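Below: the structure, in structure tokens.
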Amino acid sequence: MAVSGIERIEFGLTPSGEAVERFVLTNQTGLKVALLSLGCIIQSVDAPDRDGALANVALGFRNLDDYITNLPFFGCIAGRYANRIAGGQFQLDGHTHQLVCNERGNTLHGGKQGFNRFVWEAAPLDDGRRGVAFHRVSPDGEEGFPGTLDTTVTYELTDRNELIIDYVATTDKPTVVNLTNHSYFNLNGEGSGSIEGHRLLIEAEAYTPVDDTLIPTGERRPVAGTPFDFRFGKLVGQGLRSDDEQIRLATGFDHNFILNGTGLRRAAMLTHPGSGRSMTVQTTKPGVQFYSGNFLNGALYGPSGRAYRQSDGLALETQFFPNSPNESRFPSSVLRPGDHYRHQTILTFGVEK
């Protein structure tokens with residue numbers, strides 16, 4: 001039986017001299033998760049295959065400099081607003097707020113200095129759970145967002161092979177909030193090649209199509225009869241290279257799926273037939289962004305020493321819908337003083353025989 005617990009290690013210094021810590025959580029089955037205080041990053045997830053062999057199934061980097069220099073959002077908390085806001089602008093209570101634009105005239109994942117770029121306060125949980133609490137106060141006006149946002153993100157690893165991610169935030173002014181974890185996964189192991197042979201199920205009858213800058217049009221389009229139909233599970237490679245207009249616009253899958261039901265429920269399940277590894281995603285959020293690693297271009301190298309190329313990893317980002325602050329037909333992402341932003345996502349790692 002594996003020795004379980006929490007290991008706390010100095011990981012390095014940022015260019016400004018801030019210390020970054022690395023926390024390694026290990027449960028009694030041997031599942032191991034490494035976390036960084038920079039951006040609340042999930043650096044690695046060592047999970048067993050059907051024969052018990054461990055492999056790191058999360059894309060990332062070996063050293064701190066790569067996380068600071070490059071910006072693929074590997075494993076980080078994206079915020080204040082994960083995903084895209086059209087034109088970097090939204091209106092709230094009659095006031096127009098201009099954000100920092102960082103992608104084709106839009107704001108992506110909080111702007112140029114999103115939550116992924118900061119070192120968070122970090123400490124092991126003191127209530128008997130195996131986990132780490134990360135805390136950060138984002139000042140009023142940061143990247144153009146109104147309100148001082150006080151945020152805590154907690155990661156807990158259970159002996160049921162669950163990685164539980166809890167998000168809590170409060171504000172002193174009306175604002176918009178959308179936090180998610182942006183890990184890329186390859187259940188055959190990072191650096192092992194394409195995820196096209198993974199089988200993916202998404203619990204969604206509809207998705208939100210996008211325009212040529214990947215902003216949702218506001219339509220809710222049924223998945224039936226399209227490459228976006230993952231209701232019964234299928235290989236990721238099916239439809240990934242199709243001539244569907246939406247696939248061409250995003251160079252693959254980079255779309256929000258409208259999840260069935262409410263409350264904590266299954267959003268998706270990913271399996272790798274060769275290794276037997278599986279990952280189930282549960283969430284309280286209304287949507288999940290399936291991103292098929294379209295912009296990985298071979299320029300980045302993981303701990304394996306191998307280049308990450310297009311579709312060598314995929315992300316399943318639980319979220320409010322992209323551009324919700326500008327789309328009244330979407331669930332509201334508004335947070336007001338006195339209210340609490342709460343969101344839970346659970347990643348459960350398993351094995352199919």
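A note on labels: chains of the structure tokens are A, B, ... as shown, every chain counts residues from 1, and ligands are counted from 1 in their shown order.
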Self-check item: Who sits within 9 Å of Asn186 (chain A), only C-alpha atoms, same chain under 2 positions skipped, as a VMD selection string
Solution: chain A and resid 56 to 59 184 188 to 195 198 272 312 to 314
Just N, CA and C atoms for this one: save the residues we selected as a tab-separated table (two decimals), in the first residue's frame.
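Output (selection_28.tsv):
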```tsv
chain	number	residue	atom	x	y	z
A	56	ASN	N	2.01	9.87	-15.72
A	56	ASN	CA	1.49	11.23	-15.54
A	56	ASN	C	0.54	11.52	-16.69
A	57	VAL	N	-0.73	11.76	-16.38
A	57	VAL	CA	-1.75	11.94	-17.42
A	57	VAL	C	-2.12	13.40	-17.64
A	58	ALA	N	-1.41	14.33	-17.00
A	58	ALA	CA	-1.69	15.77	-17.14
A	58	ALA	C	-0.51	16.45	-17.84
A	59	LEU	N	-0.80	17.20	-18.89
A	59	LEU	CA	0.26	17.93	-19.59
A	59	LEU	C	0.77	19.06	-18.71
A	184	TYR	N	-4.95	19.97	-19.20
A	184	TYR	CA	-5.02	19.15	-20.40
A	184	TYR	C	-4.69	17.71	-19.99
A	188	ASN	N	-3.18	8.18	-21.74
A	188	ASN	CA	-2.10	7.25	-22.07
A	188	ASN	C	-0.77	7.74	-21.53
A	189	GLY	N	-0.77	8.95	-20.96
A	189	GLY	CA	0.44	9.57	-20.44
A	189	GLY	C	0.83	10.77	-21.27
A	190	GLU	N	1.26	11.84	-20.57
A	190	GLU	CA	1.66	13.04	-21.29
A	190	GLU	C	2.85	12.72	-22.20
A	191	GLY	N	2.84	13.31	-23.41
A	191	GLY	CA	3.92	13.07	-24.35
A	191	GLY	C	3.80	11.77	-25.12
A	192	SER	N	2.67	11.06	-24.95
A	192	SER	CA	2.51	9.75	-25.61
A	192	SER	C	1.88	9.84	-26.98
A	193	GLY	N	1.49	11.05	-27.41
A	193	GLY	CA	0.87	11.20	-28.72
A	193	GLY	C	-0.55	11.71	-28.65
A	194	SER	N	-1.31	11.46	-29.69
A	194	SER	CA	-2.63	12.06	-29.87
A	194	SER	C	-3.68	11.47	-28.93
A	195	ILE	N	-4.68	12.30	-28.61
A	195	ILE	CA	-5.83	11.84	-27.84
A	195	ILE	C	-6.98	11.40	-28.75
A	198	HIS	N	-8.86	8.34	-27.68
A	198	HIS	CA	-9.62	8.35	-26.42
A	198	HIS	C	-11.11	8.32	-26.73
A	272	HIS	N	-9.32	5.72	-22.01
A	272	HIS	CA	-8.31	5.33	-23.00
A	272	HIS	C	-8.32	3.81	-23.09
A	312	ASP	N	-2.52	16.53	-28.70
A	312	ASP	CA	-1.80	15.63	-27.80
A	312	ASP	C	-2.37	15.67	-26.39
A	313	GLY	N	-3.37	16.51	-26.16
A	313	GLY	CA	-4.05	16.57	-24.88
A	313	GLY	C	-5.39	17.26	-25.08
A	314	LEU	N	-6.31	17.05	-24.17
A	314	LEU	CA	-7.61	17.73	-24.25
A	314	LEU	C	-8.00	18.28	-22.90
```
Neighbours of region 116-123 of chain A within 7 Å (only C-alpha atoms; same-chain residues fewer than 5 positions away dropped), as a compact mmCIF listing (two decimals) with N, CA, C and O atoms, in the first residue's frame?
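So the final result, stored in selection07.txt, reads:
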```txt
# COMPACT_ATOMS: atom_id res chain seq x y z
N VAL A 20 7.60 30.13 -5.06
CA VAL A 20 6.55 29.23 -5.54
C VAL A 20 6.73 27.88 -4.85
O VAL A 20 7.85 27.34 -4.80
N SER A 37 1.73 26.64 -6.30
CA SER A 37 1.07 27.86 -5.82
C SER A 37 1.01 28.93 -6.91
O SER A 37 0.23 29.88 -6.79
N LEU A 38 1.81 28.82 -7.96
CA LEU A 38 1.66 29.70 -9.12
C LEU A 38 0.41 29.27 -9.88
O LEU A 38 0.35 28.16 -10.41
N GLY A 39 -0.60 30.14 -9.90
CA GLY A 39 -1.79 29.87 -10.68
C GLY A 39 -2.63 28.69 -10.23
O GLY A 39 -3.50 28.23 -10.98
N CYS A 40 -2.38 28.16 -9.02
CA CYS A 40 -3.10 26.96 -8.53
C CYS A 40 -2.97 25.81 -9.52
O CYS A 40 -3.93 25.06 -9.76
N CYS A 76 -3.85 25.33 -14.90
CA CYS A 76 -4.05 26.48 -14.02
C CYS A 76 -5.52 26.74 -13.71
O CYS A 76 -6.43 26.18 -14.31
N ILE A 77 -5.74 27.65 -12.75
CA ILE A 77 -7.06 28.24 -12.56
C ILE A 77 -7.16 29.44 -13.48
O ILE A 77 -6.36 30.37 -13.42
N ALA A 78 -8.13 29.41 -14.38
CA ALA A 78 -8.39 30.52 -15.31
C ALA A 78 -9.43 31.44 -14.68
O ALA A 78 -10.46 30.99 -14.19
N VAL A 132 -5.04 21.02 -0.26
CA VAL A 132 -4.41 22.33 -0.15
C VAL A 132 -5.43 23.40 -0.47
O VAL A 132 -6.23 23.26 -1.42
N ALA A 133 -5.42 24.48 0.33
CA ALA A 133 -6.26 25.65 0.07
C ALA A 133 -5.39 26.76 -0.51
O ALA A 133 -4.34 27.09 0.06
N PHE A 134 -5.82 27.32 -1.63
CA PHE A 134 -5.14 28.43 -2.28
C PHE A 134 -6.03 29.67 -2.17
O PHE A 134 -7.24 29.59 -2.41
N HIS A 135 -5.41 30.80 -1.82
CA HIS A 135 -6.20 32.02 -1.58
C HIS A 135 -5.54 33.19 -2.28
O HIS A 135 -4.32 33.33 -2.30
N ARG A 136 -6.39 34.04 -2.87
CA ARG A 136 -5.90 35.26 -3.50
C ARG A 136 -6.97 36.34 -3.46
O ARG A 136 -8.17 36.04 -3.66
```
Quiz prompt | Nearest to Thr158 (chain A) by atom-to-atom distance, counting only C-alpha atoms, from A:Phe185, A:Phe330, A:Phe23, A:Phe349 | solution = A:Phe349
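Among the candidates A:Gly111, A:Gly239, A:Pro48, A:Gly60, the one nearest to Ala86 (chain A) when counting only C-alpha atoms is A:Gly111.
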Quiz item: In terms of the shortest atom-to-atom distance over only C-alpha atoms, which of A:Gly131, A:Pro174, A:Pro146, A:Pro216 is closest to Gln289 (chain A)?
Solution: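 Residue with the minimum atom-to-atom distance to Gln289 (chain A): A:Pro216.
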Exercise. Using only C-alpha atoms, find the one residue out of A:Ala169, A:Leu25, A:Leu92, A:Ile215 that sits nearest to Ser332 (chain A).
Key: A:Leu92
Mind checking which residues fall within 9 Å of Ala206 (chain A), counting only C-alpha atoms, ignoring those fewer than 4 positions away in the same chain, and posting them as a JSON list (two decimals) with C-alpha atoms, in the first residue's frame?
```json
[["chain", "number", "residue", "atom", "x", "y", "z"],
["A", 220, "ARG", "CA", -28.29, 26.60, -28.54],
["A", 221, "ARG", "CA", -27.77, 24.00, -31.25],
["A", 222, "PRO", "CA", -28.70, 20.31, -30.83],
["A", 223, "VAL", "CA", -25.74, 17.93, -31.00],
["A", 224, "ALA", "CA", -27.75, 15.20, -32.75],
["A", 228, "PHE", "CA", -20.61, 17.34, -31.41],
["A", 229, "ASP", "CA", -22.76, 14.37, -30.43],
["A", 257, "PHE", "CA", -21.53, 22.07, -24.19],
["A", 258, "ILE", "CA", -24.80, 22.75, -22.34],
["A", 259, "LEU", "CA", -24.91, 20.11, -19.62],
["A", 260, "ASN", "CA", -28.05, 18.18, -18.76]]
```
Quiz prompt | 10 Å contact set for region 106-110 of chain A, only C-alpha atoms, chain neighbours under 6 positions out, as a count of residues only | solution = 32
Quiz item: Which residue out of A:Thr170, A:Asn70, A:Thr175, A:Ser275 has the minimum interatomic distance to Gly147 (chain A) when only C-alpha atoms are used?
Solution: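 When distances to Gly147 (chain A) are compared using only C-alpha atoms, the smallest one comes from A:Thr175.
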Quiz item: Can you list every residue in region 167-320 of chain A that DSSP puts in strand (DSSP E or B), as a PyMOL selection string?
Solution: chain A and resi 167-171+175-176+178+180-181+185+199-202+204-208+210+216+221-222+234-235+254-259+265-271+277-283+287-291+300-301+307-308+314-319
Give me the residues within 9 Å of Gln91 (chain A) as a tab-separated table (two decimals) with all heavy atoms, in the first residue's frame, counting only C-alpha atoms and dropping any in the same chain fewer than 4 places off.
```tsv
chain	number	residue	atom	x	y	z
A	95	HIS	N	-23.51	50.28	-16.21
A	95	HIS	CA	-22.13	50.73	-16.37
A	95	HIS	C	-21.40	49.83	-17.37
A	95	HIS	O	-21.53	48.60	-17.32
A	95	HIS	CB	-21.38	50.71	-15.03
A	95	HIS	CG	-21.97	51.61	-14.00
A	95	HIS	ND1	-21.79	52.99	-14.01
A	95	HIS	CD2	-22.75	51.34	-12.91
A	95	HIS	CE1	-22.42	53.52	-12.97
A	95	HIS	NE2	-23.01	52.54	-12.29
A	96	THR	N	-20.64	50.42	-18.27
A	96	THR	CA	-19.84	49.67	-19.23
A	96	THR	C	-18.44	49.47	-18.67
A	96	THR	O	-17.79	50.42	-18.22
A	96	THR	CB	-19.75	50.39	-20.57
A	96	THR	OG1	-21.08	50.53	-21.12
A	96	THR	CG2	-18.89	49.62	-21.56
A	97	HIS	N	-17.99	48.23	-18.67
A	97	HIS	CA	-16.66	47.89	-18.16
A	97	HIS	C	-15.80	47.41	-19.32
A	97	HIS	O	-16.16	46.47	-20.02
A	97	HIS	CB	-16.76	46.82	-17.08
A	97	HIS	CG	-17.54	47.24	-15.88
A	97	HIS	ND1	-17.01	48.01	-14.88
A	97	HIS	CD2	-18.85	47.02	-15.56
A	97	HIS	CE1	-17.94	48.23	-13.96
A	97	HIS	NE2	-19.06	47.65	-14.35
A	98	GLN	N	-14.66	48.08	-19.51
A	98	GLN	CA	-13.72	47.71	-20.56
A	98	GLN	C	-12.59	46.90	-19.94
A	98	GLN	O	-11.89	47.36	-19.05
A	98	GLN	CB	-13.15	48.94	-21.26
A	98	GLN	CG	-12.16	48.62	-22.37
A	98	GLN	CD	-12.79	47.81	-23.49
A	98	GLN	OE1	-13.79	48.22	-24.10
A	98	GLN	NE2	-12.20	46.64	-23.78
A	325	PRO	N	-21.64	37.40	-19.81
A	325	PRO	CA	-21.96	38.77	-19.39
A	325	PRO	C	-22.65	39.59	-20.48
A	325	PRO	O	-23.29	40.60	-20.17
A	325	PRO	CB	-20.58	39.36	-19.05
A	325	PRO	CG	-19.76	38.19	-18.65
A	325	PRO	CD	-20.21	37.09	-19.58
A	326	ASN	N	-22.52	39.16	-21.74
A	326	ASN	CA	-23.15	39.88	-22.85
A	326	ASN	C	-24.31	39.14	-23.48
A	326	ASN	O	-24.83	39.58	-24.52
A	326	ASN	CB	-22.10	40.17	-23.93
A	326	ASN	CG	-21.03	41.12	-23.47
A	326	ASN	OD1	-21.32	42.18	-22.92
A	326	ASN	ND2	-19.77	40.74	-23.66
```
Quiz item: Which is closer to Ser44 (chain A) than all the others in A:Gly197, A:Pro303, A:Pro331, A:Pro337, using only C-alpha atoms?
Solution: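 Under the stated criterion, the closest residue is A:Pro303.
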Quiz item: Just how far from CA of Gly75 (chain A) is CA of Arg199 (chain A), in Å to one decimal?
Solution: 21.2 Å
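By only C-alpha atoms, and with residues fewer than 4 positions from Asp66 (chain A) along its chain excluded, the set lying at most 10 Å from it is Gly60, Phe61, Arg62, Asn70, Leu71, Leu300, Tyr301 and Gly302 of chain A.
All residues in region 163-266 of chain A with a DSSP state of helix (DSSP H, G or I), computed from the backbone, read Glu245, Gln246, Ile247, Arg248, Leu249 and Ala250 of chain A.
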Practice problem: Write out as a PyMOL selection string the residues lying within 8 Å of Ser138 (chain A), counting only C-alpha atoms and excluding same-chain residues fewer than 2 positions away. | Solution: chain A and resi 136+140+142+148-151
Now that the selection is made, can you save its residues with all heavy atoms as a tab-separated table (two decimals), in the first residue's frame?
```tsv
chain	number	residue	atom	x	y	z
A	136	ARG	N	-6.39	34.04	-2.87
A	136	ARG	CA	-5.90	35.26	-3.50
A	136	ARG	C	-6.97	36.34	-3.46
A	136	ARG	O	-8.17	36.04	-3.66
A	136	ARG	CB	-5.48	34.99	-4.95
A	136	ARG	CG	-5.02	36.26	-5.66
A	136	ARG	CD	-4.38	36.03	-7.02
A	136	ARG	NE	-3.80	37.30	-7.43
A	136	ARG	CZ	-4.43	38.20	-8.16
A	136	ARG	NH1	-5.63	37.95	-8.66
A	136	ARG	NH2	-3.86	39.35	-8.45
A	140	ASP	N	-9.84	45.59	-6.94
A	140	ASP	CA	-10.82	46.29	-7.78
A	140	ASP	C	-10.11	46.87	-9.01
A	140	ASP	O	-9.09	47.56	-8.88
A	140	ASP	CB	-11.48	47.40	-6.97
A	140	ASP	CG	-12.56	48.14	-7.73
A	140	ASP	OD1	-13.08	47.60	-8.72
A	140	ASP	OD2	-12.87	49.28	-7.33
A	142	GLU	N	-8.63	45.17	-11.46
A	142	GLU	CA	-7.60	44.33	-12.08
A	142	GLU	C	-8.08	43.82	-13.44
A	142	GLU	O	-9.15	43.20	-13.55
A	142	GLU	CB	-7.28	43.15	-11.16
A	142	GLU	CG	-6.14	42.28	-11.65
A	142	GLU	CD	-5.73	41.25	-10.61
A	142	GLU	OE1	-6.42	40.20	-10.53
A	142	GLU	OE2	-4.76	41.49	-9.88
A	148	THR	N	-13.38	44.14	-5.64
A	148	THR	CA	-12.31	43.36	-5.02
A	148	THR	C	-12.82	41.94	-4.85
A	148	THR	O	-13.82	41.73	-4.15
A	148	THR	CB	-11.93	43.96	-3.66
A	148	THR	OG1	-11.47	45.30	-3.86
A	148	THR	CG2	-10.84	43.14	-2.99
A	149	LEU	N	-12.17	40.99	-5.48
A	149	LEU	CA	-12.64	39.61	-5.46
A	149	LEU	C	-11.75	38.78	-4.55
A	149	LEU	O	-10.54	38.66	-4.78
A	149	LEU	CB	-12.65	39.02	-6.87
A	149	LEU	CG	-13.41	37.70	-7.02
A	149	LEU	CD1	-14.91	37.94	-6.97
A	149	LEU	CD2	-13.02	36.99	-8.31
A	150	ASP	N	-12.34	38.22	-3.51
A	150	ASP	CA	-11.63	37.37	-2.54
A	150	ASP	C	-11.94	35.92	-2.90
A	150	ASP	O	-13.09	35.47	-2.81
A	150	ASP	CB	-12.10	37.71	-1.13
A	150	ASP	CG	-11.24	37.07	-0.06
A	150	ASP	OD1	-10.95	35.87	-0.16
A	150	ASP	OD2	-10.86	37.78	0.88
A	151	THR	N	-10.91	35.17	-3.30
A	151	THR	CA	-11.12	33.85	-3.88
A	151	THR	C	-10.33	32.79	-3.15
A	151	THR	O	-9.15	32.99	-2.83
A	151	THR	CB	-10.70	33.83	-5.37
A	151	THR	OG1	-11.41	34.84	-6.08
A	151	THR	CG2	-10.98	32.48	-6.00
```
Quiz item: If you measure from CA of Ala250 (chain A) to CA of Pro209 (chain A), what distance in Å do you get, rounded to one decimal?
Solution: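 Result for CA of Ala250 (chain A) versus CA of Pro209 (chain A): 10.2 Å, one decimal.
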